[in-house]
$ cat data.csv   # CSV, C-alpha atoms
chain,number,residue,atom,x,y,z
A,1,MET,CA,34.4,73.2,81.9
A,2,SER,CA,33.2,71.2,84.8
A,3,ILE,CA,32.5,67.8,86.1
A,4,VAL,CA,28.9,66.7,86.6
A,5,VAL,CA,28.0,64.0,89.2
A,6,GLY,CA,24.6,62.5,89.9
A,7,TYR,CA,24.3,62.1,93.7
A,8,VAL,CA,22.0,59.9,95.7
A,9,PRO,CA,22.8,58.8,99.3
A,10,THR,CA,23.6,55.2,98.5
A,11,PRO,CA,27.0,53.4,98.3
A,12,ALA,CA,27.1,53.8,94.6
A,13,GLY,CA,26.3,57.5,94.9
A,14,GLU,CA,29.0,58.0,97.5
A,15,ALA,CA,31.5,56.2,95.2
A,16,ALA,CA,30.5,58.5,92.3
A,17,VAL,CA,31.0,61.6,94.5
A,18,ARG,CA,34.5,60.4,95.6
A,19,ALA,CA,35.5,59.7,92.1
A,20,ALA,CA,34.1,63.0,90.8
A,21,ILE,CA,35.9,65.0,93.5
A,22,ALA,CA,39.2,63.2,92.5
A,23,GLU,CA,38.6,64.0,88.8
A,24,ALA,CA,37.7,67.6,89.5
A,25,GLY,CA,40.9,68.0,91.5
A,26,LEU,CA,43.0,66.3,88.8
A,27,ARG,CA,41.6,68.6,86.0
A,28,ASP,CA,41.2,71.7,88.2
A,29,GLU,CA,37.5,72.0,87.3
A,30,GLU,CA,34.4,72.9,89.2
A,31,LEU,CA,32.2,70.1,90.5
A,32,LEU,CA,28.4,70.2,89.9
A,33,VAL,CA,26.5,67.9,92.2
A,34,VAL,CA,23.1,67.1,90.8
A,35,ASN,CA,20.5,66.1,93.4
A,36,SER,CA,17.0,65.7,92.3
A,37,ALA,CA,14.3,65.3,94.9
A,38,ARG,CA,11.5,63.2,93.5
A,39,GLU,CA,8.2,65.1,93.4
A,40,GLY,CA,6.1,64.1,96.3
A,41,SER,CA,9.1,62.8,98.4
A,42,VAL,CA,8.4,63.0,102.1
A,43,VAL,CA,9.9,65.7,104.3
A,44,GLU,CA,12.2,63.3,106.1
A,45,THR,CA,13.9,62.3,102.8
A,46,THR,CA,14.6,65.9,101.9
A,47,VAL,CA,16.1,66.6,105.3
A,48,ALA,CA,18.4,63.5,105.1
A,49,ALA,CA,19.5,64.6,101.6
A,50,GLU,CA,20.3,68.0,102.9
A,51,GLU,CA,22.7,66.6,105.4
A,52,ASP,CA,24.2,64.3,102.8
A,53,LEU,CA,24.8,67.2,100.5
A,54,ASP,CA,26.5,69.3,103.2
A,55,ARG,CA,28.8,66.3,103.7
A,56,VAL,CA,29.5,66.0,100.0
A,57,LEU,CA,30.4,69.7,99.8
A,58,ALA,CA,32.6,69.4,102.8
A,59,GLN,CA,34.4,66.5,101.2
A,60,ALA,CA,35.0,68.6,98.1
A,61,THR,CA,36.3,71.6,100.1
A,62,GLU,CA,38.7,69.3,102.0
A,63,ALA,CA,40.0,68.1,98.6
A,64,GLY,CA,40.4,71.7,97.4
A,65,VAL,CA,37.7,71.4,94.8
A,66,ARG,CA,35.1,74.1,94.1
A,67,ALA,CA,31.7,72.4,94.2
A,68,GLN,CA,28.1,73.4,94.1
A,69,VAL,CA,24.8,71.6,94.4
A,70,VAL,CA,22.3,71.9,91.6
A,71,ARG,CA,18.8,71.0,92.7
A,72,GLY,CA,15.8,70.1,90.6
A,73,THR,CA,12.7,68.2,90.7
A,74,HIS,CA,11.9,65.5,88.2
A,75,ARG,CA,9.0,63.1,88.1
A,76,ASP,CA,10.9,59.9,87.4
A,77,ASP,CA,14.6,60.1,87.5
A,78,PHE,CA,17.3,62.7,87.1
A,79,THR,CA,18.7,61.5,83.8
A,80,ASP,CA,17.5,64.6,81.9
A,81,GLU,CA,18.7,66.9,84.5
A,82,ILE,CA,22.2,65.5,84.4
A,83,LEU,CA,22.3,65.5,80.6
A,84,ASP,CA,20.9,69.1,80.4
A,85,LEU,CA,23.5,70.3,82.9
A,86,ALA,CA,26.3,68.6,81.1
A,87,GLU,CA,25.2,70.2,77.9
A,88,LYS,CA,24.8,73.7,79.5
A,89,HIS,CA,28.3,73.6,81.1
A,90,ASP,CA,30.1,71.7,78.3
A,91,ALA,CA,31.1,69.1,80.9
A,92,SER,CA,34.4,67.4,80.5
A,93,LEU,CA,32.9,64.4,82.4
A,94,ILE,CA,29.7,63.0,83.8
A,95,VAL,CA,30.3,60.7,86.8
A,96,ILE,CA,27.8,58.0,87.8
A,97,GLY,CA,27.7,55.3,90.3
A,98,LEU,CA,26.9,51.7,89.4
A,99,ARG,CA,25.6,49.2,91.9
A,100,ARG,CA,27.4,46.0,92.3
A,101,ARG,CA,25.2,43.1,91.2
A,102,SER,CA,24.6,39.7,92.5
A,103,THR,CA,25.5,36.8,90.3
A,104,VAL,CA,21.9,36.5,89.3
A,105,GLY,CA,21.4,40.1,88.4
A,106,LYS,CA,24.9,40.9,87.1
A,107,PHE,CA,23.8,41.6,83.5
A,108,ILE,CA,21.1,44.1,84.5
A,109,MET,CA,22.0,47.7,84.4
A,110,GLY,CA,19.9,50.4,86.0
A,111,SER,CA,17.9,52.4,83.5
A,112,VAL,CA,19.2,55.8,84.8
A,113,ALA,CA,22.8,54.6,84.3
A,114,GLN,CA,22.0,53.1,80.9
A,115,ARG,CA,20.2,56.2,79.6
A,116,ILE,CA,23.1,58.5,80.7
A,117,LEU,CA,25.7,56.2,79.1
A,118,LEU,CA,23.8,55.9,75.9
A,119,GLN,CA,22.4,59.5,75.5
A,120,ALA,CA,25.2,61.6,76.9
A,121,ASP,CA,27.3,63.5,74.3
A,122,HIS,CA,30.0,63.8,77.0
A,123,PRO,CA,32.4,61.2,78.4
A,124,VAL,CA,30.8,59.2,81.2
A,125,LEU,CA,32.9,57.8,84.1
A,126,ALA,CA,31.1,54.8,85.8
A,127,VAL,CA,32.4,53.7,89.2
A,128,LYS,CA,31.3,51.1,91.8
A,129,PRO,CA,31.4,51.1,95.5
A,130,PRO,CA,34.3,49.2,97.1
A,131,ARG,CA,33.7,45.5,97.8
B,1,MET,CA,49.0,52.0,87.8
B,2,SER,CA,47.9,52.2,84.2
B,3,ILE,CA,45.1,53.0,81.8
B,4,VAL,CA,43.6,50.1,79.9
B,5,VAL,CA,41.8,50.7,76.6
B,6,GLY,CA,40.0,48.3,74.3
B,7,TYR,CA,40.8,49.1,70.7
B,8,VAL,CA,39.0,48.2,67.6
B,9,PRO,CA,39.5,50.2,64.3
B,10,THR,CA,36.0,51.8,64.4
B,11,PRO,CA,35.0,55.4,65.1
B,12,ALA,CA,34.0,54.3,68.7
B,13,GLY,CA,37.4,52.6,69.1
B,14,GLU,CA,39.3,55.7,67.8
B,15,ALA,CA,37.3,57.9,70.3
B,16,ALA,CA,38.3,55.5,73.1
B,17,VAL,CA,42.0,55.6,72.2
B,18,ARG,CA,41.9,59.4,72.0
B,19,ALA,CA,40.3,59.7,75.4
B,20,ALA,CA,42.6,57.1,76.9
B,21,ILE,CA,45.7,58.9,75.7
B,22,ALA,CA,44.4,62.1,77.2
B,23,GLU,CA,43.7,60.4,80.5
B,24,ALA,CA,47.1,58.7,80.6
B,25,GLY,CA,48.8,62.1,80.0
B,26,LEU,CA,46.7,63.7,82.7
B,27,ARG,CA,47.6,61.0,85.2
B,28,ASP,CA,51.1,60.3,84.0
B,29,GLU,CA,50.3,56.6,83.6
B,30,GLU,CA,51.2,54.0,81.1
B,31,LEU,CA,48.6,53.1,78.4
B,32,LEU,CA,47.8,49.5,77.7
B,33,VAL,CA,46.1,49.0,74.4
B,34,VAL,CA,44.2,45.8,74.2
B,35,ASN,CA,43.6,44.4,70.7
B,36,SER,CA,42.3,40.9,70.3
B,37,ALA,CA,42.2,39.3,67.0
B,38,ARG,CA,39.2,37.0,66.8
B,39,GLU,CA,40.2,33.4,66.2
B,40,GLY,CA,39.9,32.6,62.5
B,41,SER,CA,40.0,36.2,61.3
B,42,VAL,CA,41.3,36.6,57.8
B,43,VAL,CA,44.8,37.7,57.0
B,44,GLU,CA,43.6,41.1,55.6
B,45,THR,CA,42.0,42.0,58.9
B,46,THR,CA,45.2,41.3,60.9
B,47,VAL,CA,47.3,43.4,58.5
B,48,ALA,CA,44.9,46.3,58.8
B,49,ALA,CA,44.9,46.0,62.6
B,50,GLU,CA,48.7,46.1,62.6
B,51,GLU,CA,48.7,49.4,60.8
B,52,ASP,CA,46.0,50.8,63.0
B,53,LEU,CA,48.0,49.8,66.1
B,54,ASP,CA,51.1,51.5,64.8
B,55,ARG,CA,49.1,54.6,64.3
B,56,VAL,CA,47.7,54.4,67.9
B,57,LEU,CA,51.2,54.0,69.3
B,58,ALA,CA,52.3,57.0,67.3
B,59,GLN,CA,49.4,59.1,68.6
B,60,ALA,CA,50.4,58.2,72.2
B,61,THR,CA,54.1,59.0,71.6
B,62,GLU,CA,53.2,62.3,70.1
B,63,ALA,CA,51.2,63.1,73.3
B,64,GLY,CA,54.1,62.1,75.4
B,65,VAL,CA,52.4,58.9,76.7
B,66,ARG,CA,54.1,55.6,77.2
B,67,ALA,CA,51.9,53.0,75.5
B,68,GLN,CA,52.1,49.3,74.6
B,69,VAL,CA,49.9,47.0,72.7
B,70,VAL,CA,48.7,43.8,74.5
B,71,ARG,CA,47.6,41.2,72.1
B,72,GLY,CA,45.5,38.1,72.6
B,73,THR,CA,43.1,35.8,71.0
B,74,HIS,CA,39.6,35.3,72.3
B,75,ARG,CA,36.8,33.3,70.7
B,76,ASP,CA,34.0,35.8,71.3
B,77,ASP,CA,35.0,39.2,72.4
B,78,PHE,CA,37.8,40.8,74.4
B,79,THR,CA,35.8,41.5,77.6
B,80,ASP,CA,37.7,39.0,79.7
B,81,GLU,CA,41.0,40.1,78.3
B,82,ILE,CA,40.3,43.7,79.3
B,83,LEU,CA,39.1,42.8,82.7
B,84,ASP,CA,42.0,40.4,83.4
B,85,LEU,CA,44.5,43.1,82.3
B,86,ALA,CA,42.9,45.7,84.4
B,87,GLU,CA,43.1,43.4,87.4
B,88,LYS,CA,46.7,42.4,86.8
B,89,HIS,CA,47.9,46.0,86.4
B,90,ASP,CA,45.5,47.5,89.1
B,91,ALA,CA,44.2,49.9,86.4
B,92,SER,CA,43.1,53.3,87.5
B,93,LEU,CA,40.8,53.4,84.5
B,94,ILE,CA,39.4,51.2,81.7
B,95,VAL,CA,38.4,53.2,78.6
B,96,ILE,CA,35.8,52.0,76.2
B,97,GLY,CA,34.1,53.4,73.1
B,98,LEU,CA,30.3,53.4,72.7
B,99,ARG,CA,28.7,53.6,69.4
B,100,ARG,CA,26.2,56.4,68.8
B,101,ARG,CA,22.7,54.9,68.3
B,102,SER,CA,19.9,55.7,65.9
B,103,THR,CA,16.7,56.8,67.6
B,104,VAL,CA,15.3,53.3,67.1
B,105,GLY,CA,18.3,51.6,68.7
B,106,LYS,CA,19.2,54.1,71.3
B,107,PHE,CA,18.4,52.0,74.3
B,108,ILE,CA,20.5,49.1,73.2
B,109,MET,CA,24.1,48.9,74.5
B,110,GLY,CA,26.6,46.5,73.0
B,111,SER,CA,27.2,43.4,75.1
B,112,VAL,CA,31.0,44.0,75.4
B,113,ALA,CA,30.4,47.5,76.7
B,114,GLN,CA,27.7,46.3,79.1
B,115,ARG,CA,29.8,43.4,80.4
B,116,ILE,CA,32.8,45.7,81.0
B,117,LEU,CA,30.7,48.3,82.8
B,118,LEU,CA,29.0,45.8,85.0
B,119,GLN,CA,31.8,43.4,85.7
B,120,ALA,CA,34.8,45.7,86.1
B,121,ASP,CA,36.1,46.3,89.6
B,122,HIS,CA,37.8,49.4,88.1
B,123,PRO,CA,36.3,52.8,87.0
B,124,VAL,CA,35.2,52.7,83.4
B,125,LEU,CA,35.3,55.7,81.2
B,126,ALA,CA,32.8,55.5,78.3
B,127,VAL,CA,33.2,57.8,75.3
B,128,LYS,CA,31.5,58.3,72.0
B,129,PRO,CA,32.8,59.3,68.6
B,130,PRO,CA,32.2,63.0,67.6
B,131,ARG,CA,28.9,63.7,65.9
$ encode --input "data.csv" --output "structure tokens"
Amino acid sequence: MSIVVGYVPTPAGEAAVRAAIAEAGLRDEELLVVNSAREGSVVETTVAAEEDLDRVLAQATEAGVRAQVVRGTHRDDFTDEILDLAEKHDASLIVIGLRRRSTVGKFIMGSVAQRILLQADHPVLAVKPPR
Amino acid sequence: MSIVVGYVPTPAGEAAVRAAIAEAGLRDEELLVVNSAREGSVVETTVAAEEDLDRVLAQATEAGVRAQVVRGTHRDDFTDEILDLAEKHDASLIVIGLRRRSTVGKFIMGSVAQRILLQADHPVLAVKPPR
């Protein structure tokens, strides 16, 4: 079994990765980091993501966790990719990051997060960045 | 630290309790089972809940997990009670059960689940009952 985490280089994405590394360590499972480049994304974005992913893998190694990056390309979001990967690897956990919301927007959840929470057959751990 | 789980005697609630017991065992933390009787609920409901809670505590004991039931009464739902308890005990995790949805309703999340996910400062583990 393994832990699947959706990674984007945002505070919520970093929080998800930190939590996923901790969970993988706790359960002694492999970490699969899903990073989907959007089709048509500019070169600069890809390069930045590459550095971020190297940093994520270094964090995992430092914590004694085996981790690998799973890349893919989806048109809209990476919900399907995360769900497919969780299914394929019989994931014990999917980890996602939720953004903190302003008072005005606090009842609105991102569509990716909502789709993963509702559609996943696997347990989903939702974390937020520190205040 | 402790694990907080919201319990209602439904398939989603049972799934949440099972997951919460497993997490408490994995982390060697105490389990706090939140069960709020709605104001004005009939006697029959309370009696049923009492038996269910005994069963939940027995499940925890069997798994070697220290658990206690935290009771309260809220008018609408037990979101605030769960969030307050998580805050008070610096919970490492809040566990909630999500209902499986029909195809028609699959994008609708219950308001309690949504409020906990969005408002909690603590990581939230969302699980579903088995198919």
$ interface_residues --input "data.csv" --of "chain A" --to "chain B" --cutoff "6 Å" --atoms "only C-alpha atoms" --output "PyMOL selection string"
chain A and resi 123-127
$ atom_distance --input "data.csv" --atom1 "atom CA of B:Val56" --atom2 "atom CA of B:Ile116"
21.7 Å
$ residues_near_point --input "data.csv" --point "(29.0, 68.4, 101.0)" --cutoff "12 Å" --atoms "all atoms listed in the file" --output "CSV table (one decimal) with C-alpha atoms, in the frame of the given file"
chain,number,residue,atom,x,y,z
A,7,TYR,CA,24.3,62.1,93.7
A,9,PRO,CA,22.8,58.8,99.3
A,14,GLU,CA,29.0,58.0,97.5
A,17,VAL,CA,31.0,61.6,94.5
A,18,ARG,CA,34.5,60.4,95.6
A,21,ILE,CA,35.9,65.0,93.5
A,31,LEU,CA,32.2,70.1,90.5
A,32,LEU,CA,28.4,70.2,89.9
A,33,VAL,CA,26.5,67.9,92.2
A,34,VAL,CA,23.1,67.1,90.8
A,35,ASN,CA,20.5,66.1,93.4
A,49,ALA,CA,19.5,64.6,101.6
A,50,GLU,CA,20.3,68.0,102.9
A,51,GLU,CA,22.7,66.6,105.4
A,52,ASP,CA,24.2,64.3,102.8
A,53,LEU,CA,24.8,67.2,100.5
A,54,ASP,CA,26.5,69.3,103.2
A,55,ARG,CA,28.8,66.3,103.7
A,56,VAL,CA,29.5,66.0,100.0
A,57,LEU,CA,30.4,69.7,99.8
A,58,ALA,CA,32.6,69.4,102.8
A,59,GLN,CA,34.4,66.5,101.2
A,60,ALA,CA,35.0,68.6,98.1
A,61,THR,CA,36.3,71.6,100.1
A,62,GLU,CA,38.7,69.3,102.0
A,63,ALA,CA,40.0,68.1,98.6
A,65,VAL,CA,37.7,71.4,94.8
A,66,ARG,CA,35.1,74.1,94.1
A,67,ALA,CA,31.7,72.4,94.2
A,68,GLN,CA,28.1,73.4,94.1
A,69,VAL,CA,24.8,71.6,94.4
$ atom_distance --input "data.csv" --atom1 "atom CA of B:Glu30" --atom2 "atom CA of B:Ser2"
4.9 Å
$ closest_residue --input "data.csv" --among "B:Met1, B:Ala15, B:Ile96, B:Val112" --to "B:Thr79" --atoms "only C-alpha atoms"
B:Val112
$ atom_distance --input "data.csv" --atom1 "atom CA of A:Glu81" --atom2 "atom CA of A:Gly6"
9.1 Å
